[in-house]
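Here is the structure we will look at.
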There are 2 protein chains.
Amino acid sequence: MTLKVYCDRMSQPSRAILIFCKMNGIEFEEITINILKGEQHTPEYKVINPMCQVPTIVDGDFTLFESHAILIYLSCKYPGVASHWYPSDLIERAKVHSVLDWHHANLRRGSVGVIINNVMLPLNGVPSNPQAAEEAEKTLEKALTVLETFWLKDGPFLVGRSQPSIADLNLVSEVMELDQLLSKELRDRILSPYKKVLQWVEDTKSATAPHFEEIHGVLFKTGKELREQLASQSGKNE
Amino acid sequence: MTLKVYCDRMSQPSRAILIFCKMNGIEFEEITINILKGEQHTPEYKVINPMCQVPTIVDGDFTLFESHAILIYLSCKYPGVASHWYPSDLIERAKVHSVLDWHHANLRRGSVGVIINNVMLPLNGVPSNPQAAEEAEKTLEKALTVLETFWLKDGPFLVGRSQPSIADLNLVSEVMELDQLLSKELRDRILSPYKKVLQWVEDTKSATAPHFEEIHGVLFKTGKELREQLASQSGKNE
């Protein structure tokens, strides 16, 4: 039975899983749950994932969510997956777990907070909370600094690896969300000081070509539309 | 060379690691980094863990942080660790990863937010932000509901397991922080609706006796003192 991947290419962890499957020749059926339309809240999807989030995989009668857990599961299930994605060496594997765990409360938390306050709320005409926006930006800047100075210090990939692991896929997808959804001004202010981070994004793109560009196509297109919509709203308000 | 565990028994993930080591007969040296005194920010500790957080383990020349990653590493490194802590079966292991990943942005985020706003800020005479306090409580209540109705639905332990895994240790330590640091009134309001959660805490205590009580001793004592200090401050303000 084919692996089912319930996802939305506008979601960072969904993209990580899709790229991983394509890079490793894993056959799957992609089932889009459009999160901008709220399809993750339908009763049908809630049966599959009671948290109403994407991605979820269904492999036979086994349902799994949380993207890090999914990537680990797929790495172990399919013998054809190259070992650099999820190293079997105890210490190397522990390092990958460590940066994946760090991701949740740092890069992801900061990134999601900045996007909600600077993109999603304004697009929906909801006033942003300046204190929450400031805190999110601080969390994100701190996370990007740690990424630049610690996790990428022995580069080119996270935790000093010479080839990408599942952690690179997940964290680069997160940075791409900022890269594509923020206004040019905000994107430059937030991301441009982090040269190693930007180089690592490019290295991960190259290492996962052509799937990276293909899977990010929807984000590139929608990101452009949303930025134009925001700029036009902001012009109206001036 | 003996495993070094840099930790503070007032930190939830530190306690999980200490209980795990004691339960599994792993020899270690416990090095206390007093977080209430800010010892995690000393230059000496920053060399060990640049994130200035506890716990950290140093095993020979390998340094590792992030408590979930540490528990997985220890489970795999020591052959004497009983298999229920970190199951080797692919699907069972994936379920444990899934609830551990969920923990970060849900139970932990809510719990830490509620404790900061209701305990740490008042103790330090800093005015709490009502909106942040309300949001943290909402996040926590949602997380406790998911814990009660989903992760513990097939109980007695998380993801339907009959014996505790590393996820039980980590998440129960989190709930203990609420149980011991919140005022009786707030603790009852927040925790008492979740009968399965409370039963699971008791079951985990029993399954890890006598180490659970011993490792939690500092929290029991300090929690009582902090609650009394808060009650006395609140009396003064009336």
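In the structure tokens, the first chain shown is A, the next is B, and so on; residue numbers restart at 1 for each chain, and ligands run from 1 in the order shown.
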Per-residue nearest contacts chain A to chain B, cut-off 7 Å, using only C-alpha atoms, as JSON lines:
```
{"residue": "A:Phe65", "atom": "CA", "partner": "B:Ser98", "partner_atom": "CA", "distance": 6.4}
{"residue": "A:Glu66", "atom": "CA", "partner": "B:Ser98", "partner_atom": "CA", "distance": 5.6}
{"residue": "A:Ala69", "atom": "CA", "partner": "B:His97", "partner_atom": "CA", "distance": 5.3}
{"residue": "A:Tyr73", "atom": "CA", "partner": "B:Ala94", "partner_atom": "CA", "distance": 6.0}
{"residue": "A:Leu90", "atom": "CA", "partner": "B:Tyr73", "partner_atom": "CA", "distance": 7.0}
{"residue": "A:Ala94", "atom": "CA", "partner": "B:Ala69", "partner_atom": "CA", "distance": 5.9}
{"residue": "A:His97", "atom": "CA", "partner": "B:Ala69", "partner_atom": "CA", "distance": 5.3}
{"residue": "A:Ser98", "atom": "CA", "partner": "B:Ala69", "partner_atom": "CA", "distance": 5.3}
{"residue": "A:Asp101", "atom": "CA", "partner": "B:Glu66", "partner_atom": "CA", "distance": 6.4}
{"residue": "A:Trp102", "atom": "CA", "partner": "B:Glu66", "partner_atom": "CA", "distance": 6.7}
{"residue": "A:His104", "atom": "CA", "partner": "B:His104", "partner_atom": "CA", "distance": 6.2}
{"residue": "A:Ala105", "atom": "CA", "partner": "B:His104", "partner_atom": "CA", "distance": 6.5}
```
Open item on the list: Going by DSSP on the backbone, which residues of stretch 119-162 of chain A come out as alpha helix (DSSP H)? List them as number ranges by chain.
Closed with: A: 121-123, 130-146
Task: Surrounding residues of stretch 3-8 of chain A excluding itself and chain neighbours under 5 positions, 8 Å, only C-alpha atoms, as a PyMOL selection string - done: chain A and resi 14-15+27-35+54-60
Store the residues picked out above in a file with N, CA, C and O atoms, as a PDB file, in the first residue's frame.
```pdb
ATOM      1  N   SER A  14       6.064  20.201   5.917  1.00  0.00           N
ATOM      2  CA  SER A  14       5.537  19.402   4.795  1.00  0.00           C
ATOM      3  C   SER A  14       6.553  19.353   3.661  1.00  0.00           C
ATOM      4  O   SER A  14       6.822  18.293   3.084  1.00  0.00           O
ATOM      5  N   ARG A  15       7.136  20.507   3.354  1.00  0.00           N
ATOM      6  CA  ARG A  15       8.112  20.553   2.251  1.00  0.00           C
ATOM      7  C   ARG A  15       9.320  19.668   2.554  1.00  0.00           C
ATOM      8  O   ARG A  15       9.842  18.977   1.679  1.00  0.00           O
ATOM      9  N   GLU A  27       8.154   5.996  -2.892  1.00  0.00           N
ATOM     10  CA  GLU A  27       6.867   6.222  -3.569  1.00  0.00           C
ATOM     11  C   GLU A  27       5.845   6.692  -2.559  1.00  0.00           C
ATOM     12  O   GLU A  27       5.733   6.122  -1.465  1.00  0.00           O
ATOM     13  N   PHE A  28       5.078   7.716  -2.920  1.00  0.00           N
ATOM     14  CA  PHE A  28       4.052   8.207  -1.994  1.00  0.00           C
ATOM     15  C   PHE A  28       2.951   8.906  -2.763  1.00  0.00           C
ATOM     16  O   PHE A  28       3.141   9.320  -3.913  1.00  0.00           O
ATOM     17  N   GLU A  29       1.822   9.006  -2.094  1.00  0.00           N
ATOM     18  CA  GLU A  29       0.701   9.777  -2.639  1.00  0.00           C
ATOM     19  C   GLU A  29       0.620  11.072  -1.840  1.00  0.00           C
ATOM     20  O   GLU A  29       0.535  11.038  -0.607  1.00  0.00           O
ATOM     21  N   GLU A  30       0.684  12.202  -2.529  1.00  0.00           N
ATOM     22  CA  GLU A  30       0.623  13.501  -1.849  1.00  0.00           C
ATOM     23  C   GLU A  30      -0.829  13.964  -1.794  1.00  0.00           C
ATOM     24  O   GLU A  30      -1.484  14.098  -2.830  1.00  0.00           O
ATOM     25  N   ILE A  31      -1.320  14.158  -0.596  1.00  0.00           N
ATOM     26  CA  ILE A  31      -2.715  14.607  -0.441  1.00  0.00           C
ATOM     27  C   ILE A  31      -2.682  15.999   0.169  1.00  0.00           C
ATOM     28  O   ILE A  31      -2.258  16.174   1.317  1.00  0.00           O
ATOM     29  N   THR A  32      -3.091  16.993  -0.609  1.00  0.00           N
ATOM     30  CA  THR A  32      -2.972  18.373  -0.143  1.00  0.00           C
ATOM     31  C   THR A  32      -4.097  18.739   0.818  1.00  0.00           C
ATOM     32  O   THR A  32      -5.274  18.523   0.537  1.00  0.00           O
ATOM     33  N   ILE A  33      -3.706  19.253   1.958  1.00  0.00           N
ATOM     34  CA  ILE A  33      -4.641  19.800   2.951  1.00  0.00           C
ATOM     35  C   ILE A  33      -4.349  21.302   2.962  1.00  0.00           C
ATOM     36  O   ILE A  33      -3.353  21.740   3.535  1.00  0.00           O
ATOM     37  N   ASN A  34      -5.187  22.067   2.301  1.00  0.00           N
ATOM     38  CA  ASN A  34      -4.904  23.503   2.114  1.00  0.00           C
ATOM     39  C   ASN A  34      -5.086  24.261   3.431  1.00  0.00           C
ATOM     40  O   ASN A  34      -6.205  24.511   3.885  1.00  0.00           O
ATOM     41  N   ILE A  35      -3.972  24.626   4.030  1.00  0.00           N
ATOM     42  CA  ILE A  35      -4.060  25.240   5.372  1.00  0.00           C
ATOM     43  C   ILE A  35      -4.544  26.691   5.309  1.00  0.00           C
ATOM     44  O   ILE A  35      -5.163  27.167   6.244  1.00  0.00           O
ATOM     45  N   VAL A  54      -0.592  19.798   9.628  1.00  0.00           N
ATOM     46  CA  VAL A  54       0.140  19.041   8.608  1.00  0.00           C
ATOM     47  C   VAL A  54       1.615  19.156   8.935  1.00  0.00           C
ATOM     48  O   VAL A  54       2.017  20.133   9.586  1.00  0.00           O
ATOM     49  N   PRO A  55       2.430  18.188   8.526  1.00  0.00           N
ATOM     50  CA  PRO A  55       2.119  16.969   7.778  1.00  0.00           C
ATOM     51  C   PRO A  55       1.701  15.809   8.690  1.00  0.00           C
ATOM     52  O   PRO A  55       1.962  15.825   9.892  1.00  0.00           O
ATOM     53  N   THR A  56       1.053  14.834   8.055  1.00  0.00           N
ATOM     54  CA  THR A  56       0.772  13.534   8.682  1.00  0.00           C
ATOM     55  C   THR A  56       1.099  12.475   7.631  1.00  0.00           C
ATOM     56  O   THR A  56       0.849  12.708   6.450  1.00  0.00           O
ATOM     57  N   ILE A  57       1.638  11.352   8.042  1.00  0.00           N
ATOM     58  CA  ILE A  57       1.761  10.239   7.084  1.00  0.00           C
ATOM     59  C   ILE A  57       0.876   9.095   7.545  1.00  0.00           C
ATOM     60  O   ILE A  57       0.646   8.913   8.747  1.00  0.00           O
ATOM     61  N   VAL A  58       0.354   8.368   6.547  1.00  0.00           N
ATOM     62  CA  VAL A  58      -0.374   7.134   6.850  1.00  0.00           C
ATOM     63  C   VAL A  58       0.315   6.033   6.045  1.00  0.00           C
ATOM     64  O   VAL A  58       0.371   6.089   4.813  1.00  0.00           O
ATOM     65  N   ASP A  59       0.873   5.082   6.778  1.00  0.00           N
ATOM     66  CA  ASP A  59       1.638   3.994   6.167  1.00  0.00           C
ATOM     67  C   ASP A  59       0.926   2.705   6.552  1.00  0.00           C
ATOM     68  O   ASP A  59       1.111   2.198   7.658  1.00  0.00           O
ATOM     69  N   GLY A  60       0.080   2.209   5.628  1.00  0.00           N
ATOM     70  CA  GLY A  60      -0.757   1.059   5.978  1.00  0.00           C
ATOM     71  C   GLY A  60      -1.731   1.485   7.049  1.00  0.00           C
ATOM     72  O   GLY A  60      -2.461   2.458   6.873  1.00  0.00           O
TER      73      GLY A  60
END
```
Task: Atom-to-atom span, atom CA of A:Gln53 and atom CA of B:Lys142, Å - done: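 Taking atom CA of A:Gln53 as the start and atom CA of B:Lys142 as the end point, the length is 14.2 Å.
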Task: Nearest residue to A:Glu174 from the set A:Gly160, A:Pro13, A:Pro87, A:Gly217 (distances using only C-alpha atoms) - done: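 Smallest distance to A:Glu174 is found for A:Pro13.
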TODO: Enumerate as JSON, numbers by chain all residues of stretch 10-224 of chain B assigned to strand (DSSP E) by DSSP on the backbone, naming them with the chain letters and numbers the document uses.
DONE: {"B": [28, 29, 30, 31, 32, 56, 57, 58, 59, 62, 63, 64, 65]}
- [ ] Pick out the residues sitting within 12 Å of stretch 227-236 of chain B, and hand them over as a PyMOL selection string; count only C-alpha atoms, and ignore anything fewer than 3 positions along from it in its own chain.
- [x] chain B and resi 115+118-125+178-187+219-224
TODO: For B:Leu169, please output as a ChimeraX atom specification all residues within 9 Å (counting only C-alpha atoms; exclusion window: fewer than 5 positions along the same chain).
DONE: /B:13,15-17,19-20,164,174,204,208
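Atom pair atom CA of A:Glu141 / atom CA of A:Leu191: separated by 8.7 Å.
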- [ ] Quote the spacing between atom CA of A:His216 and atom CA of A:Lys46 in Å to one decimal place.
- [x] 26.0 Å
